[in-house]
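my_file.txt follows (compact mmCIF, C-alpha atoms):
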```
# COMPACT_ATOMS: atom_id res chain seq x y z
CA MET A 1 -10.80 -1.43 9.04
CA GLN A 2 -7.24 -0.31 8.38
CA ILE A 3 -5.81 -0.76 4.86
CA GLY A 4 -2.17 -0.10 4.09
CA VAL A 5 -1.69 1.31 0.59
CA ILE A 6 1.53 1.30 -1.43
CA SER A 7 2.35 1.99 -5.07
CA ASP A 8 5.21 2.52 -7.50
CA VAL A 9 7.83 0.49 -5.68
CA HIS A 10 9.94 0.53 -8.85
CA GLY A 11 12.52 -2.04 -7.86
CA ASN A 12 13.66 -0.15 -4.76
CA ILE A 13 13.90 -2.84 -2.08
CA VAL A 14 15.59 -0.49 0.40
CA ALA A 15 12.61 1.86 0.33
CA LEU A 16 10.10 -1.00 0.32
CA ASP A 17 11.61 -2.61 3.39
CA ALA A 18 11.64 0.76 5.16
CA VAL A 19 7.94 1.21 4.41
CA LEU A 20 7.01 -2.30 5.50
CA SER A 21 8.95 -1.85 8.74
CA ASP A 22 7.28 1.50 9.44
CA MET A 23 3.73 0.46 8.58
CA PRO A 24 1.37 0.10 11.55
CA GLU A 25 -0.71 -3.03 11.97
CA VAL A 26 -3.28 -3.14 9.19
CA ASP A 27 -6.03 -5.54 8.17
CA GLU A 28 -4.80 -5.69 4.57
CA LEU A 29 -2.03 -4.29 2.39
CA VAL A 30 -2.73 -3.40 -1.26
CA CYS A 31 -0.47 -2.21 -4.08
CA ALA A 32 -1.46 0.07 -6.97
CA GLY A 33 1.15 -1.23 -9.40
CA ASP A 34 4.64 -0.70 -10.83
CA VAL A 35 6.47 -3.13 -8.60
CA VAL A 36 9.42 -3.06 -11.02
CA GLY A 37 11.31 -0.54 -13.15
CA TYR A 38 14.08 2.01 -12.63
CA ASN A 39 15.93 0.59 -9.60
CA PRO A 40 18.15 -2.52 -9.40
CA TRP A 41 16.10 -4.91 -7.22
CA PRO A 42 13.15 -5.94 -9.41
CA GLY A 43 13.24 -9.58 -8.35
CA GLU A 44 13.52 -8.85 -4.65
CA CYS A 45 10.55 -6.49 -4.82
CA VAL A 46 8.42 -8.95 -6.78
CA ASP A 47 9.21 -11.67 -4.24
CA ARG A 48 8.45 -9.46 -1.26
CA ILE A 49 5.02 -8.49 -2.64
CA ARG A 50 4.22 -11.92 -4.03
CA GLU A 51 5.18 -13.87 -0.91
CA ALA A 52 3.06 -11.56 1.25
CA GLU A 53 0.13 -12.17 -1.14
CA VAL A 54 -0.50 -8.45 -1.49
CA PRO A 55 -3.40 -7.71 -3.88
CA THR A 56 -1.64 -5.82 -6.68
CA VAL A 57 -2.64 -4.31 -10.03
CA GLU A 58 -0.53 -4.00 -13.15
CA GLY A 59 1.43 -0.81 -13.69
CA ASN A 60 2.79 0.38 -17.02
CA HIS A 61 6.35 -0.64 -16.10
CA ASP A 62 5.14 -4.07 -15.01
CA ARG A 63 3.44 -4.47 -18.39
CA ALA A 64 6.50 -3.19 -20.27
CA VAL A 65 8.69 -5.80 -18.58
CA VAL A 66 6.26 -8.57 -19.53
CA THR A 67 5.73 -7.49 -23.13
CA GLY A 68 9.11 -5.97 -23.96
CA ARG A 69 7.28 -3.01 -25.48
CA TYR A 70 7.64 0.46 -24.01
CA PRO A 71 7.07 3.17 -26.63
CA GLY A 72 7.37 6.66 -25.20
CA PHE A 73 9.59 5.65 -22.29
CA ASN A 74 12.58 7.92 -21.71
CA ASP A 75 16.10 6.51 -21.47
CA MET A 76 15.90 6.04 -17.69
CA ALA A 77 12.59 4.20 -17.83
CA ALA A 78 13.72 2.04 -20.74
CA ALA A 79 16.96 1.13 -18.94
CA GLY A 80 15.02 0.02 -15.87
CA VAL A 81 12.71 -2.15 -17.95
CA GLU A 82 15.62 -3.76 -19.79
CA TYR A 83 17.45 -4.39 -16.52
CA ALA A 84 14.37 -6.05 -15.03
CA ARG A 85 13.86 -8.22 -18.10
CA GLU A 86 17.46 -9.40 -17.81
CA HIS A 87 17.37 -10.15 -14.09
CA LEU A 88 13.86 -11.45 -13.36
CA THR A 89 13.20 -15.18 -13.43
CA ASP A 90 10.53 -16.69 -15.65
CA GLU A 91 8.41 -17.27 -12.54
CA GLN A 92 8.67 -13.63 -11.49
CA ILE A 93 7.75 -12.41 -14.98
CA GLU A 94 4.81 -14.82 -15.02
CA TRP A 95 3.56 -13.31 -11.75
CA LEU A 96 3.74 -9.84 -13.32
CA SER A 97 1.91 -11.10 -16.39
CA GLU A 98 -1.02 -12.27 -14.26
CA LEU A 99 -1.62 -8.92 -12.57
CA PRO A 100 -5.03 -7.42 -13.46
CA THR A 101 -5.48 -3.78 -14.43
CA GLU A 102 -8.16 -3.35 -11.74
CA ARG A 103 -9.10 -4.97 -8.46
CA THR A 104 -12.27 -4.54 -6.43
CA LEU A 105 -11.80 -5.60 -2.82
CA PHE A 106 -13.70 -5.79 0.46
CA ASP A 107 -17.09 -6.59 -1.06
CA GLY A 108 -16.80 -3.78 -3.57
CA ARG A 109 -15.87 -1.09 -1.06
CA VAL A 110 -12.35 -0.53 -2.43
CA LYS A 111 -11.23 -0.25 -6.05
CA VAL A 112 -7.54 -0.30 -7.00
CA VAL A 113 -6.22 0.87 -10.38
CA HIS A 114 -2.87 2.20 -11.54
CA GLY A 115 -3.57 5.34 -13.52
CA HIS A 116 -7.31 6.05 -13.86
CA PRO A 117 -10.48 3.94 -13.63
CA ASP A 118 -10.98 4.28 -17.40
CA ASP A 119 -7.35 4.34 -18.54
CA PRO A 120 -4.55 2.55 -16.66
CA ASP A 121 -1.90 4.73 -18.33
CA HIS A 122 -3.47 8.11 -17.58
CA TYR A 123 -1.69 10.29 -15.01
CA THR A 124 -4.55 11.33 -12.73
CA ARG A 125 -3.02 14.33 -10.99
CA PRO A 126 -4.45 15.92 -7.84
CA SER A 127 -6.00 18.73 -9.90
CA GLU A 128 -8.16 16.10 -11.60
CA TYR A 129 -9.51 14.53 -8.42
CA SER A 130 -13.28 14.69 -8.14
CA PRO A 131 -16.16 12.53 -6.91
CA ASP A 132 -16.83 11.74 -10.57
CA LEU A 133 -13.91 9.31 -10.44
CA LEU A 134 -15.86 7.14 -8.01
CA SER A 135 -18.50 4.62 -9.02
CA ASP A 136 -19.94 2.26 -6.41
CA GLU A 137 -16.82 1.96 -4.25
CA ASP A 138 -16.13 3.85 -1.03
CA VAL A 139 -12.42 4.21 -1.77
CA LEU A 140 -10.64 4.60 -5.11
CA ILE A 141 -6.88 3.93 -4.97
CA MET A 142 -4.62 5.09 -7.80
CA GLY A 143 -0.86 5.26 -8.40
CA HIS A 144 1.26 6.24 -11.43
CA THR A 145 1.88 9.94 -10.67
CA HIS A 146 4.26 9.26 -7.75
CA VAL A 147 2.52 12.18 -5.97
CA GLN A 148 0.97 11.56 -2.56
CA HIS A 149 -2.49 13.09 -2.26
CA HIS A 150 -6.05 12.32 -1.20
CA GLU A 151 -9.48 13.92 -1.16
CA ILE A 152 -12.50 12.95 0.93
CA TYR A 153 -15.90 13.62 -0.63
CA ASP A 154 -19.45 12.85 0.42
CA GLU A 155 -19.36 10.10 -2.21
CA GLY A 156 -16.13 8.53 -0.97
CA ILE A 157 -12.34 8.78 -0.88
CA VAL A 158 -9.93 9.23 -3.79
CA LEU A 159 -6.29 8.67 -2.91
CA ASN A 160 -2.82 8.12 -4.25
CA PRO A 161 -0.39 6.83 -1.60
CA GLY A 162 2.58 8.30 -3.45
CA SER A 163 5.59 6.30 -4.53
CA VAL A 164 7.57 3.93 -2.36
CA GLY A 165 10.58 3.76 -4.64
CA GLN A 166 10.68 7.02 -6.59
CA PRO A 167 8.69 9.94 -5.13
CA ARG A 168 8.11 12.92 -7.43
CA ASP A 169 6.52 15.41 -5.07
CA ARG A 170 9.77 17.06 -3.92
CA ASP A 171 9.96 14.87 -0.82
CA HIS A 172 12.64 12.19 -1.10
CA ARG A 173 11.17 10.00 1.64
CA ALA A 174 9.34 6.80 0.71
CA ALA A 175 5.58 7.33 0.67
CA TYR A 176 2.58 5.25 1.63
CA SER A 177 -0.86 5.72 3.15
CA VAL A 178 -3.26 4.06 5.55
CA VAL A 179 -6.97 4.37 4.83
CA ASP A 180 -9.92 3.53 7.07
CA PRO A 181 -13.11 3.32 4.97
CA ASP A 182 -15.31 3.03 8.05
CA ALA A 183 -13.94 6.19 9.66
CA ARG A 184 -13.55 7.90 6.25
CA ALA A 185 -9.98 8.76 7.18
CA VAL A 186 -6.61 8.72 5.42
CA GLU A 187 -3.19 9.00 7.03
CA GLU A 188 -0.40 9.96 4.64
CA ARG A 189 2.97 8.70 5.84
CA ARG A 190 6.62 9.21 4.82
CA VAL A 191 9.68 7.18 5.76
CA GLU A 192 13.37 8.02 5.64
CA TYR A 193 15.63 5.42 4.05
CA ASP A 194 19.22 5.18 2.88
CA THR A 195 19.01 6.91 -0.50
CA ASP A 196 22.81 7.08 -0.71
CA ALA A 197 22.99 3.28 -0.62
CA VAL A 198 20.46 3.09 -3.45
CA VAL A 199 22.36 5.66 -5.52
CA LYS A 200 25.51 3.56 -5.17
CA GLU A 201 23.71 0.37 -6.22
CA VAL A 202 22.16 2.14 -9.21
CA VAL A 203 25.63 3.15 -10.42
CA ASP A 204 27.16 -0.25 -9.65
CA ALA A 205 24.39 -1.94 -11.63
CA GLY A 206 25.23 0.15 -14.69
CA LEU A 207 21.89 1.96 -14.66
CA PRO A 208 21.69 5.68 -15.57
CA GLN A 209 23.07 7.82 -12.73
CA GLN A 210 20.09 10.15 -13.03
CA ILE A 211 17.86 7.39 -11.60
CA GLY A 212 19.79 7.59 -8.36
CA PHE A 213 20.18 11.36 -8.35
CA ARG A 214 16.47 12.01 -8.63
CA LEU A 215 15.85 9.87 -5.55
CA THR A 216 17.76 12.41 -3.45
CA GLN A 217 15.61 15.21 -4.89
CA GLY A 218 12.19 13.58 -4.70
CA ARG A 219 11.46 14.26 -8.34
```
Can the structure from this file be put into structure tokens for me?
Amino acid sequence: MQIGVISDVHGNIVALDAVLSDMPEVDELVCAGDVVGYNPWPGECVDRIREAEVPTVEGNHDRAVVTGRYPGFNDMAAAGVEYAREHLTDEQIEWLSELPTERTLFDGRVKVVHGHPDDPDHYTRPSEYSPDLLSDEDVLIMGHTHVQHHEIYDEGIVLNPGSVGQPRDRDHRAAYSVVDPDARAVEERRVEYDTDAVVKEVVDAGLPQQIGFRLTQGR
């Protein structure tokens, strides 16, 4: 069984389309949250994920767009949330509002969360990975850190596919992963896309220039 795994699209349709074009044939595609935020295509990204019926969990930016509350967000993050709230339709916001904080798929074999199984807003960094994160599932999928990493234990697999739309692991390329629970295997993949085009659109949209600049740096 091949499962494509994406996370942290963050309104970057250019990166999302590059990932979807690059992805090999899989049995299912899942998303670990934060479809919106930062970049200037929140509606296009919501529609792409929604129309493909991708099982998706709620990220903290998704929730911030729905609620209008985002304490602790820096200026860049707040600007992306405000932009999304201004440009999303009521139907798109309703879809975000219905996202659960956790999904268990494939007869309990795969669990998808955004930050941590016990706290959706916790940044579970690679140094914190351990088999203790697993419960009954074979694969635990997390997002939120924008850092691509995985570990394979006797108890199962813990993985973060990295970020499609805003990587922060010093690699500017869009990130995703393919996991095979039966073979206990994970393939981490990266895709080049036109970051310069995104930088231009960020500026043209009136969003903070730093949002675009960091895309070229992978941070």
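Restricting the calculation to only C-alpha atoms, the smallest distance between Leu96 in chain A and any of A:Val164, A:Ile13, A:Ala84, A:Leu207 is found for A:Ala84.
Across the structure, CA of Met142 in chain A and CA of Val112 in chain A are spaced 6.2 Å apart.
Counting from CA of Ala18 in chain A, the distance to CA of Val186 in chain A is 19.9 Å.
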In terms of the shortest atom-to-atom distance over all atoms listed in the file, which of A:Arg189, A:His146, A:Arg219, A:Lys200 is closest to Asp22 in chain A?
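For Asp22 in chain A, the nearest of the given residues is A:Arg189.
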Give the answer as one residue: which of A:Pro24, A:Pro181, A:Pro71, A:Gly11 has the shortest atom-to-atom distance to Gly43 in chain A, using all atoms listed in the file?
A:Gly11
How close does each residue of range 131-184 of chain A get to range 58-69 of chain A, giving the shortest atom pair and distance in Å to one decimal for every residue with an atom at most 12 Å away, counting only C-alpha atoms, sorted by chain and residue number, as CSV?
```
residue,atom,partner,partner_atom,distance
A:Met142,CA,A:Gly59,CA,10.3
A:Gly143,CA,A:Gly59,CA,8.4
A:His144,CA,A:Gly59,CA,7.4
A:Thr145,CA,A:Gly59,CA,11.2
```
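Across the structure, CA of Ala185 in chain A and CA of Ile157 in chain A are spaced 8.4 Å apart.
Checking A:Val19, A:Ile152, A:Ile141, A:Gln210 one by one against Val113 in chain A, counting all atoms listed in the file, you find the shortest gap at A:Ile141.
In this comparison, which uses all atoms listed in the file, the residue of A:Thr89, A:Asn74, A:Ser163, A:Thr195 approaching Gln217 in chain A most closely is A:Thr195.
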